[in-house]
Amino acid sequence: MLTKSLKGRDFISLRDFSKQEIITILETALALKTDLAMGRKHKLLDGKTLFMLFFNASTRTRNSFESGIFQLGGHGNFLQPSATRLPTLEGEDVPYKTERISDVARVLSGMGDAIAIRILGDAVNWSYDKGLRIIKEFAKWATIPVINMEDNIYHPCQGMADVMTMWELFGRDLRGLKLGVTWTYSGSTKKPIAPHHDVMYAASFFGANIIYTKPPELRIDPEIEKAIKENVEANGGTYQTSDNIEDAFVDADIVYGKNHVCLDLLPPFQKEPKFDEMAKLFDKYKDWIVNEKYMKLAKSQSKYMHCLPCERGMEVTDEVMDGPQAAVWMEAENRLHAQKAIMALTM
Amino acid sequence: MLTKSLKGRDFISLRDFSKQEIITILETALALKTDLAMGRKHKLLDGKTLFMLFFNASTRTRNSFESGIFQLGGHGNFLQPSATRLPTLEGEDVPYKTERISDVARVLSGMGDAIAIRILGDAVNWSYDKGLRIIKEFAKWATIPVINMEDNIYHPCQGMADVMTMWELFGRDLRGLKLGVTWTYSGSTKKPIAPHHDVMYAASFFGANIIYTKPPELRIDPEIEKAIKENVEANGGTYQTSDNIEDAFVDADIVYGKNHVCLDLLPPFQKEPKFDEMAKLFDKYKDWIVNEKYMKLAKSQSKYMHCLPCERGMEVTDEVMDGPQAAVWMEAENRLHAQKAIMALTM
Amino acid sequence: MLTKSLKGRDFISLRDFSKQEIITILETALALKTDLAMGRKHKLLDGKTLFMLFFNASTRTRNSFESGIFQLGGHGNFLQPSATRLPTLEGEDVPYKTERISDVARVLSGMGDAIAIRILGDAVNWSYDKGLRIIKEFAKWATIPVINMEDNIYHPCQGMADVMTMWELFGRDLRGLKLGVTWTYSGSTKKPIAPHHDVMYAASFFGANIIYTKPPELRIDPEIEKAIKENVEANGGTYQTSDNIEDAFVDADIVYGKNHVCLDLLPPFQKEPKFDEMAKLFDKYKDWIVNEKYMKLAKSQSKYMHCLPCERGMEVTDEVMDGPQAAVWMEAENRLHAQKAIMALTM
């Protein structure tokens with residue numbers, strides 16, 4: 001653990017943090033969770049304000065941040081662009097409609113203590129890195145910490161909650177554990193890929209044997225894949241990919257199965273998002289679903305994870321979701337604890 | 001009073017509670033009201049989160065719950081379906097648009113301490129029991145209390161505030177008191193009937209003589225009417241109906257006058273809501289209005305109640321609303337105190 | 001200072017307050033700012049609720065009030081008309097859509113501790129005094145303080161933050177100081193004039209030499225101009241106008257430059273707002289912009305102020321906004337402190 005290195009820092013990508021810093025967040029999250037279970041108050045951010053900018057709808061992220069800052073003694077301002085001027089990058093100004101991010105960030109810095117932002121998908125017309133650029137622009141000008149609540153590339157809070165869940169289920173050392181991460185079918189073509197990136201990147205610090213399975217036409221961001229491989233080399237464990245869904249399940253300890261978009265049918269690989277083509281592609285793989293048949297290939301004590309919300313009957317069957325192997329409720333709750341740790345350590 | 005039987009319970013319908021449990025809520029509400037008047041803090045729910053799901057617009061309910069949980073030391077997350085995925089029953093799933101209630105309820109259970117829900121009218125396409133079914137589905141899966149903030153059938157928080165107001169005005173024993181509950185005209189055909197149900201049901205515990213007047217084509221839910229009659233038999237008092245509006249006023253101590261929909265022109269009695277026909281029906285009864293002429297038929301100390309918002313000039317005249325007999329402001333404020341009691345006792 | 005005269009008062013227009021009362025607010029704001037800097041808690045409104053009614057979008061006002069009431073130990077309910085019935089004046093009732101302000105004000109008075117309202121521009125179809133009439137109607141019926149968060153005529157919270165900023169920059173005595181207030185160009189024809197009114201009115205208490213420059217077709221409200229002149233006579237300082245933008249800059253200590261609407265092209269001077277004509281008029285004056293060339297005419301230690309949000313490249317250049325003379329960030333932050341003072345003193 002490192003007791004001081006996170007103070008005042010932005011939390012934008014896990015790749016900005018060392019293994020010891022990530023461990024610090026996880027240990028803090030577990031301590032705060034125990035406190036809450038006992039009813040021990042921990043108003044570590046008494047009187048502090050978190051600005052929560054949501055460019056996209058949200059249930060888990062909104063409620064875990066709003067409850068979380070409150071449990072820490074602070075308050076979250078729930079902000080939607082429809083009720084403010086739209087914060088925009090230079091060159092996208094529209095009189096009386098937009099406000100330059102440089103200005104919004106400096107104004108909010110005078111009125112509160114951290115800025116959390118969710119911006120992805122439709123909110124940035126599927127421009128792959130635009131959400132991240134916007135978050136970084138806020139961080140450039142803000143004098144208070146900026147927290148990434150999900151862009152098209154990263155969902156670092158989810159990654160922390162996922163590994164926290166693995167720690168709780170299997171212990172702090174993931175060596176020898178098989179983590180099967182698979183793409184599954186969905187009737188929607190707008191489901192983010194950031195959770196796949198960050199669950200694998202976060203787990204790669206702790207020695208897990210990771211396998212990522214998906215239809216041959218799909219892939220994760222190659223730059224992130226490279227970072228996962230480097231991490232695995234430095235920390236133990238393995239990383240492989242496969243085009244056979246069964247490979248994610250056979251002897252797995254954890255199966256993380258959810259849909260994600262096809263990167264190659266979106267900008268910057270295409271001029272415009274090709275959602276019709278993506279839907280046709282997905283329809284070829286309707287049998288890519290987490291069901292009991294596949295879960296039987298995994299170890300008997302194995303767990304199923306998904307960041308939620310899920311498309312039942314498409315990504316995963318009701319039987320698995322409502323069955324004893326689902327760790328998804330613990331995983332969702334751990335968003336609360338992980339994010340409280342991030343806030344308590346940075347703000 | 002019963003000091004322990006409410007802990008952890010859902011608050012969905014008054015019919016789930018015994019007379020002693022209802023007395024417990026009312027006594028608690030009065031004690032909290034005195035505390036507030038004196039400026040005595042009562043942070044009984046320090047650090048706790050209430051999720052407030054509003055599928056319909058709201059002024060009183062929203063502000064009384066949000067202020068109320070705050071006065072108790074907690075925080076209310078104001079949630080609108082437009083800013084989340086829409087929580088839906090099984091079979092109504094739409095990929096990327098909806099999330100199964102079973103999942104939302106379990107996720108929120110991990111992040112806070114109670115779920116309050118308002119869902120009626122347009123939000124359920126006027127399907128009479130759908131709001132209640134949705135609230136019960138939340139309760140089935142949630143591991144934290146679920147509070148009904150109004151569906152098409154029940155508005156139990158309003159019922160408690162109404163009887164609390166009667167207690168304050170006339171004492172805890174309503175025996176010998178005449179409560180005239182009448183339908184009145186409105187230019188809208190979308191005004192709920194739940195407040196009529198619950199004011200009569202709640203008052204029927206305490207010995208009041210209740211009369212419900214309305215045009216011959218209108219009626220309350222017969223199942224609830226039956227429950228009111230049973231309650232009156234068990235607790236004293238009487239229950240009658242009449243097609244003559246004057247009967248609600250003659251010698252009344254309390255007149256509760258407001259519009260409500262015509263049940264027989266809505267599902268399940270019709271395939272589709274027949275609002276045009278309802279408007280035509282209502283137009284026959286424009287003289288069903290609470291005015292000074294009628295109020296003169298009541299006792300000189302009588303009071304006028306309405307859950308609000310009211311349609312001035314249609315349901316009630318300005319003279320009555322702004323006159324000395326209006327108890328509507330006390331009634332509205334008592335929403336705050338009654339709901340604080342419900343939260344303090346269940347959460 | 002006057003320690004008691006503000007308790008329970010509405011804060012609607014600066015013109016309702018004496019110079020000593022305005023000094024009281026400013027001194028309180030500065031004391032609260034120092035507290036915050038030191039981390040000293042000041043939960044002066046512990047458990048109290050502020051209702052924040054926003055008929056217009058807002059970033060600064062919303063966040064400064066929501067953070068401010070929270071730092072004082074209270075809570076702000078963020079209310080948008082879309083999520084409630086629309087509060088309306090008598091004669092504008094629509095069944096099931098609106099609720100009379102007299103009723104909303106009395107209901108909220110029972111559930112919390114102050115009502116803050118923003119209503120201007122499109123929200124009142126540019127009827128010049130309608131926002132103010134609505135705020136005053138709330139105040140007439142509410143039994144708790146009503147705070148003006150900006151109407152078409154007044155923005156008193158901004159005025160207080162502006163003078164607080166001048167005090168911090170130049171001391172409590174503004175005698176001998178030149179305050180140049182200028183109209184500038186904007187591509188929008190919907191930018192409020194209230195900030196111009198209140199910065200000059202507030203500064204006129206403290207002896208500043210005020211000059212207001214604008215194209216010949218434009219003017220501020222003549223009634224407010226008269227009040228500024230009277231104030232200057234009573235308190236020292238001067239007030240002049242000019243049609244030459246340079247006059248606002250030459251030897252100025254403070255330049256306050258922003259766009260505002262053309263009053264003479266709006267009701268009550270026109271039947272309907274003439275925005276096309278206004279845009280044509282504004283286009284004649286695209287060179288009315290705060291830039292480095294003009295700022296060089298001012299004193300070397302001079303500061304640039306703007307209530308924000310600004311239209312960069314139209315009202316002011318990036319060089320000035322991001323340069324050392326910009327006092328706009330301090331000015332924005334002072335909204336927080338000034339409003340906390342107003343709340344702490346009135347609520």
# chains A, B, ... in the order shown; residues from 1 in each chain; ligands from 1

$ residues_around --residues "region 98-107 of chain C" --least-positions-apart "6" --cutoff "8 Å" --atoms "only C-alpha atoms" --output "MDAnalysis selection string"
(chainID B and resid 60 309:311 329 332:333) or (chainID C and resid 85:90 134 137:143)

$ residues_around --residues "Gly73 (chain A)" --least-positions-apart "3" --cutoff "12 Å" --atoms "only C-alpha atoms" --output "list in words"
Lys41, His42, Lys43, Leu44, Leu45, Asp46, Gly47, Lys48, Thr49, Leu50, Glu66, Ser67, Gly68, Ile69, Phe70, Gly76, Lys340, Met343 and Ala344 of chain A; Asp46, Gly47, Lys48, Gly73, Gly74 and His75 of chain B; Phe70, Gln71 and Gly73 of chain C

$ write_last_selection --atoms "N, CA and C atoms" --output "tab-separated table (two decimals), in the first residue's frame"
chain	number	residue	atom	x	y	z
A	41	LYS	N	-19.45	4.72	10.82
A	41	LYS	CA	-19.43	5.87	9.93
A	41	LYS	C	-18.00	6.19	9.51
A	42	HIS	N	-17.86	6.66	8.28
A	42	HIS	CA	-16.52	7.08	7.83
A	42	HIS	C	-16.68	8.33	6.95
A	43	LYS	N	-16.99	9.44	7.62
A	43	LYS	CA	-17.23	10.68	6.87
A	43	LYS	C	-15.92	11.38	6.55
A	44	LEU	N	-15.17	10.72	5.68
A	44	LEU	CA	-13.82	11.17	5.35
A	44	LEU	C	-13.83	12.38	4.44
A	45	LEU	N	-14.96	12.63	3.77
A	45	LEU	CA	-15.04	13.77	2.83
A	45	LEU	C	-16.17	14.70	3.27
A	46	ASP	N	-16.25	14.92	4.57
A	46	ASP	CA	-17.32	15.74	5.15
A	46	ASP	C	-17.39	17.11	4.49
A	47	GLY	N	-18.56	17.43	3.95
A	47	GLY	CA	-18.78	18.75	3.37
A	47	GLY	C	-18.28	18.91	1.93
A	48	LYS	N	-17.72	17.85	1.35
A	48	LYS	CA	-17.14	17.96	0.01
A	48	LYS	C	-18.18	17.64	-1.08
A	49	THR	N	-18.02	18.29	-2.22
A	49	THR	CA	-18.95	18.11	-3.34
A	49	THR	C	-18.29	17.38	-4.50
A	50	LEU	N	-18.99	16.38	-5.02
A	50	LEU	CA	-18.59	15.69	-6.24
A	50	LEU	C	-19.53	16.10	-7.36
A	66	GLU	N	-23.44	8.43	-6.14
A	66	GLU	CA	-24.23	9.35	-5.31
A	66	GLU	C	-24.35	8.82	-3.87
A	67	SER	N	-24.60	7.51	-3.73
A	67	SER	CA	-24.63	6.93	-2.38
A	67	SER	C	-23.24	6.95	-1.76
A	68	GLY	N	-22.23	6.70	-2.57
A	68	GLY	CA	-20.87	6.58	-2.07
A	68	GLY	C	-20.34	7.89	-1.51
A	69	ILE	N	-20.47	8.97	-2.26
A	69	ILE	CA	-19.98	10.26	-1.76
A	69	ILE	C	-20.76	10.65	-0.52
A	70	PHE	N	-22.06	10.29	-0.48
A	70	PHE	CA	-22.87	10.61	0.69
A	70	PHE	C	-22.41	9.83	1.93
A	76	GLY	N	-23.12	14.57	-3.96
A	76	GLY	CA	-22.95	14.52	-5.41
A	76	GLY	C	-23.97	15.39	-6.11
A	340	LYS	N	-15.84	4.51	-3.58
A	340	LYS	CA	-15.61	5.23	-2.33
A	340	LYS	C	-14.11	5.28	-2.02
A	343	MET	N	-12.50	7.85	-4.30
A	343	MET	CA	-12.79	9.21	-3.84
A	343	MET	C	-12.03	9.53	-2.56
A	344	ALA	N	-12.08	8.62	-1.60
A	344	ALA	CA	-11.43	8.89	-0.31
A	344	ALA	C	-9.93	9.10	-0.47
B	46	ASP	N	-28.89	8.24	9.68
B	46	ASP	CA	-27.63	8.88	9.31
B	46	ASP	C	-26.85	8.04	8.29
B	47	GLY	N	-26.56	8.64	7.15
B	47	GLY	CA	-25.74	7.98	6.13
B	47	GLY	C	-26.51	7.04	5.21
B	48	LYS	N	-27.83	6.94	5.40
B	48	LYS	CA	-28.60	5.98	4.59
B	48	LYS	C	-29.14	6.64	3.31
B	73	GLY	N	-31.17	12.52	8.33
B	73	GLY	CA	-29.73	12.26	8.24
B	73	GLY	C	-29.33	11.47	7.01
B	74	GLY	N	-30.31	11.13	6.17
B	74	GLY	CA	-30.02	10.34	4.97
B	74	GLY	C	-30.05	11.19	3.72
B	75	HIS	N	-30.07	10.52	2.58
B	75	HIS	CA	-30.05	11.21	1.28
B	75	HIS	C	-30.95	10.48	0.30
C	70	PHE	N	-25.10	22.75	0.84
C	70	PHE	CA	-24.53	21.54	1.44
C	70	PHE	C	-23.39	21.88	2.40
C	71	GLN	N	-22.53	22.81	2.01
C	71	GLN	CA	-21.45	23.21	2.92
C	71	GLN	C	-22.00	23.82	4.20
C	73	GLY	N	-24.52	22.66	5.70
C	73	GLY	CA	-25.19	21.60	6.46
C	73	GLY	C	-26.58	21.27	5.95

$ atom_distance --atom1 "CA of Lys191 (chain A)" --atom2 "CA of Lys97 (chain B)"
11.1 Å

$ residues_around --residues "region 281-283 of chain C" --least-positions-apart "2" --cutoff "8 Å" --atoms "only C-alpha atoms" --output "ChimeraX atom specification"
/C:185-187,277-279,285-286

$ closest_residue --among "A:Asn56, A:Ser13, A:Asn63, A:Thr84" --to "chain C" --atoms "only C-alpha atoms"
A:Thr84

$ residues_around --residues "Pro195 (chain A)" --least-positions-apart "5" --cutoff "9 Å" --atoms "only C-alpha atoms" --output "ChimeraX atom specification"
/A:150,153-156,158-159,200,260,306-307

$ select_by_dssp --residues "region 176-234 of chain A" --states "alpha helix (DSSP H)" --output "NGL selection string"
:A and (194-203 or 222-234)

$ write_last_selection --atoms "C-alpha atoms" --output "PDB file, in the first residue's frame"
ATOM      1  CA  ALA A 194     -14.490  -0.671 -22.027  1.00  0.00           C
ATOM      2  CA  PRO A 195     -15.506  -3.215 -19.348  1.00  0.00           C
ATOM      3  CA  HIS A 196     -13.745  -6.020 -21.273  1.00  0.00           C
ATOM      4  CA  HIS A 197     -10.625  -3.890 -21.503  1.00  0.00           C
ATOM      5  CA  ASP A 198     -10.481  -3.039 -17.849  1.00  0.00           C
ATOM      6  CA  VAL A 199     -11.463  -6.361 -16.298  1.00  0.00           C
ATOM      7  CA  MET A 200      -8.603  -8.035 -18.159  1.00  0.00           C
ATOM      8  CA  TYR A 201      -6.136  -5.214 -17.586  1.00  0.00           C
ATOM      9  CA  ALA A 202      -6.894  -5.069 -13.856  1.00  0.00           C
ATOM     10  CA  ALA A 203      -6.762  -8.843 -13.420  1.00  0.00           C
ATOM     11  CA  PRO A 222      -4.771  -3.886 -29.799  1.00  0.00           C
ATOM     12  CA  GLU A 223      -2.990  -1.252 -27.724  1.00  0.00           C
ATOM     13  CA  ILE A 224      -4.783  -2.445 -24.599  1.00  0.00           C
ATOM     14  CA  GLU A 225      -4.148  -6.055 -25.536  1.00  0.00           C
ATOM     15  CA  LYS A 226      -0.449  -5.192 -25.698  1.00  0.00           C
ATOM     16  CA  ALA A 227      -0.624  -3.591 -22.258  1.00  0.00           C
ATOM     17  CA  ILE A 228      -2.319  -6.690 -20.848  1.00  0.00           C
ATOM     18  CA  LYS A 229       0.419  -8.898 -22.300  1.00  0.00           C
ATOM     19  CA  GLU A 230       3.144  -6.705 -20.806  1.00  0.00           C
ATOM     20  CA  ASN A 231       1.412  -6.810 -17.456  1.00  0.00           C
ATOM     21  CA  VAL A 232       1.106 -10.576 -17.548  1.00  0.00           C
ATOM     22  CA  GLU A 233       4.809 -10.857 -18.320  1.00  0.00           C
ATOM     23  CA  ALA A 234       5.694  -8.588 -15.434  1.00  0.00           C
TER      24      ALA A 234
END

$ closest_residue --among "C:Glu292, C:Asp162, C:Asp35, C:Glu331" --to "chain A" --atoms "only C-alpha atoms"
C:Glu331

$ atom_distance --atom1 "CA of Leu308 (chain A)" --atom2 "CA of Ala83 (chain B)"
15.9 Å

$ residues_around --residues "Asn334 (chain C)" --least-positions-apart "5" --cutoff "8 Å" --atoms "only C-alpha atoms" --output "PyMOL selection string"
chain C and resi 161-162+164-165

$ atom_distance --atom1 "CA of Met321 (chain A)" --atom2 "CA of Leu179 (chain A)"
18.0 Å

$ decode --residues "region 155-226 of chain C" --atoms "C-alpha atoms" --output "PDB file, in the first residue's frame"
ATOM      1  CA  HIS C 155     -29.463  38.906 -10.902  1.00  0.00           C
ATOM      2  CA  PRO C 156     -28.718  40.039  -7.351  1.00  0.00           C
ATOM      3  CA  CYS C 157     -26.548  37.035  -6.430  1.00  0.00           C
ATOM      4  CA  GLN C 158     -24.287  37.870  -9.361  1.00  0.00           C
ATOM      5  CA  GLY C 159     -24.153  41.505  -8.289  1.00  0.00           C
ATOM      6  CA  MET C 160     -23.005  40.498  -4.821  1.00  0.00           C
ATOM      7  CA  ALA C 161     -20.352  38.112  -6.194  1.00  0.00           C
ATOM      8  CA  ASP C 162     -19.117  40.859  -8.511  1.00  0.00           C
ATOM      9  CA  VAL C 163     -18.624  43.443  -5.775  1.00  0.00           C
ATOM     10  CA  MET C 164     -17.127  40.807  -3.492  1.00  0.00           C
ATOM     11  CA  THR C 165     -14.556  40.172  -6.235  1.00  0.00           C
ATOM     12  CA  MET C 166     -13.851  43.902  -6.527  1.00  0.00           C
ATOM     13  CA  TRP C 167     -13.384  44.100  -2.747  1.00  0.00           C
ATOM     14  CA  GLU C 168     -10.920  41.215  -2.847  1.00  0.00           C
ATOM     15  CA  LEU C 169      -8.983  42.738  -5.727  1.00  0.00           C
ATOM     16  CA  PHE C 170      -9.062  46.412  -4.796  1.00  0.00           C
ATOM     17  CA  GLY C 171     -10.200  46.721  -1.183  1.00  0.00           C
ATOM     18  CA  ARG C 172     -13.544  47.565   0.382  1.00  0.00           C
ATOM     19  CA  ASP C 173     -13.411  51.185  -0.730  1.00  0.00           C
ATOM     20  CA  LEU C 174     -13.963  51.559  -4.479  1.00  0.00           C
ATOM     21  CA  ARG C 175     -13.590  55.347  -4.496  1.00  0.00           C
ATOM     22  CA  GLY C 176     -11.300  56.508  -7.298  1.00  0.00           C
ATOM     23  CA  LEU C 177     -11.652  53.179  -9.095  1.00  0.00           C
ATOM     24  CA  LYS C 178     -12.844  53.139 -12.689  1.00  0.00           C
ATOM     25  CA  LEU C 179     -15.302  50.378 -13.579  1.00  0.00           C
ATOM     26  CA  GLY C 180     -15.861  50.114 -17.337  1.00  0.00           C
ATOM     27  CA  VAL C 181     -18.949  48.093 -18.151  1.00  0.00           C
ATOM     28  CA  THR C 182     -19.394  47.424 -21.830  1.00  0.00           C
ATOM     29  CA  TRP C 183     -21.739  45.637 -24.173  1.00  0.00           C
ATOM     30  CA  THR C 184     -19.905  43.250 -26.492  1.00  0.00           C
ATOM     31  CA  TYR C 185     -20.902  41.311 -29.569  1.00  0.00           C
ATOM     32  CA  SER C 186     -22.425  37.793 -29.474  1.00  0.00           C
ATOM     33  CA  GLY C 187     -23.760  35.413 -32.094  1.00  0.00           C
ATOM     34  CA  SER C 188     -26.672  34.810 -29.725  1.00  0.00           C
ATOM     35  CA  THR C 189     -29.518  37.282 -29.210  1.00  0.00           C
ATOM     36  CA  LYS C 190     -30.642  35.721 -25.956  1.00  0.00           C
ATOM     37  CA  LYS C 191     -28.071  36.835 -23.470  1.00  0.00           C
ATOM     38  CA  PRO C 192     -29.478  38.454 -20.323  1.00  0.00           C
ATOM     39  CA  ILE C 193     -29.071  42.078 -19.306  1.00  0.00           C
ATOM     40  CA  ALA C 194     -29.643  41.478 -15.595  1.00  0.00           C
ATOM     41  CA  PRO C 195     -25.914  41.044 -14.817  1.00  0.00           C
ATOM     42  CA  HIS C 196     -25.173  44.492 -16.294  1.00  0.00           C
ATOM     43  CA  HIS C 197     -27.893  45.986 -14.149  1.00  0.00           C
ATOM     44  CA  ASP C 198     -26.715  44.451 -10.916  1.00  0.00           C
ATOM     45  CA  VAL C 199     -22.963  44.823 -11.273  1.00  0.00           C
ATOM     46  CA  MET C 200     -23.403  48.568 -11.743  1.00  0.00           C
ATOM     47  CA  TYR C 201     -26.084  48.916  -9.090  1.00  0.00           C
ATOM     48  CA  ALA C 202     -24.044  46.988  -6.519  1.00  0.00           C
ATOM     49  CA  ALA C 203     -20.821  48.854  -7.300  1.00  0.00           C
ATOM     50  CA  SER C 204     -22.645  52.189  -7.042  1.00  0.00           C
ATOM     51  CA  PHE C 205     -22.804  51.769  -3.249  1.00  0.00           C
ATOM     52  CA  PHE C 206     -19.051  51.954  -2.901  1.00  0.00           C
ATOM     53  CA  GLY C 207     -17.921  55.076  -4.730  1.00  0.00           C
ATOM     54  CA  ALA C 208     -16.722  53.605  -8.041  1.00  0.00           C
ATOM     55  CA  ASN C 209     -16.592  55.722 -11.207  1.00  0.00           C
ATOM     56  CA  ILE C 210     -18.799  53.723 -13.548  1.00  0.00           C
ATOM     57  CA  ILE C 211     -18.979  54.052 -17.291  1.00  0.00           C
ATOM     58  CA  TYR C 212     -21.323  51.982 -19.413  1.00  0.00           C
ATOM     59  CA  THR C 213     -20.508  51.773 -23.137  1.00  0.00           C
ATOM     60  CA  LYS C 214     -22.673  50.247 -25.854  1.00  0.00           C
ATOM     61  CA  PRO C 215     -23.733  50.876 -29.446  1.00  0.00           C
ATOM     62  CA  PRO C 216     -26.148  53.812 -29.742  1.00  0.00           C
ATOM     63  CA  GLU C 217     -29.173  51.517 -30.295  1.00  0.00           C
ATOM     64  CA  LEU C 218     -28.711  49.822 -26.922  1.00  0.00           C
ATOM     65  CA  ARG C 219     -29.401  50.806 -23.348  1.00  0.00           C
ATOM     66  CA  ILE C 220     -30.052  49.370 -19.924  1.00  0.00           C
ATOM     67  CA  ASP C 221     -33.392  49.659 -18.161  1.00  0.00           C
ATOM     68  CA  PRO C 222     -33.893  53.416 -17.568  1.00  0.00           C
ATOM     69  CA  GLU C 223     -35.456  52.822 -14.146  1.00  0.00           C
ATOM     70  CA  ILE C 224     -32.362  50.955 -13.012  1.00  0.00           C
ATOM     71  CA  GLU C 225     -30.129  53.585 -14.557  1.00  0.00           C
ATOM     72  CA  LYS C 226     -31.964  56.143 -12.451  1.00  0.00           C
TER      73      LYS C 226
END
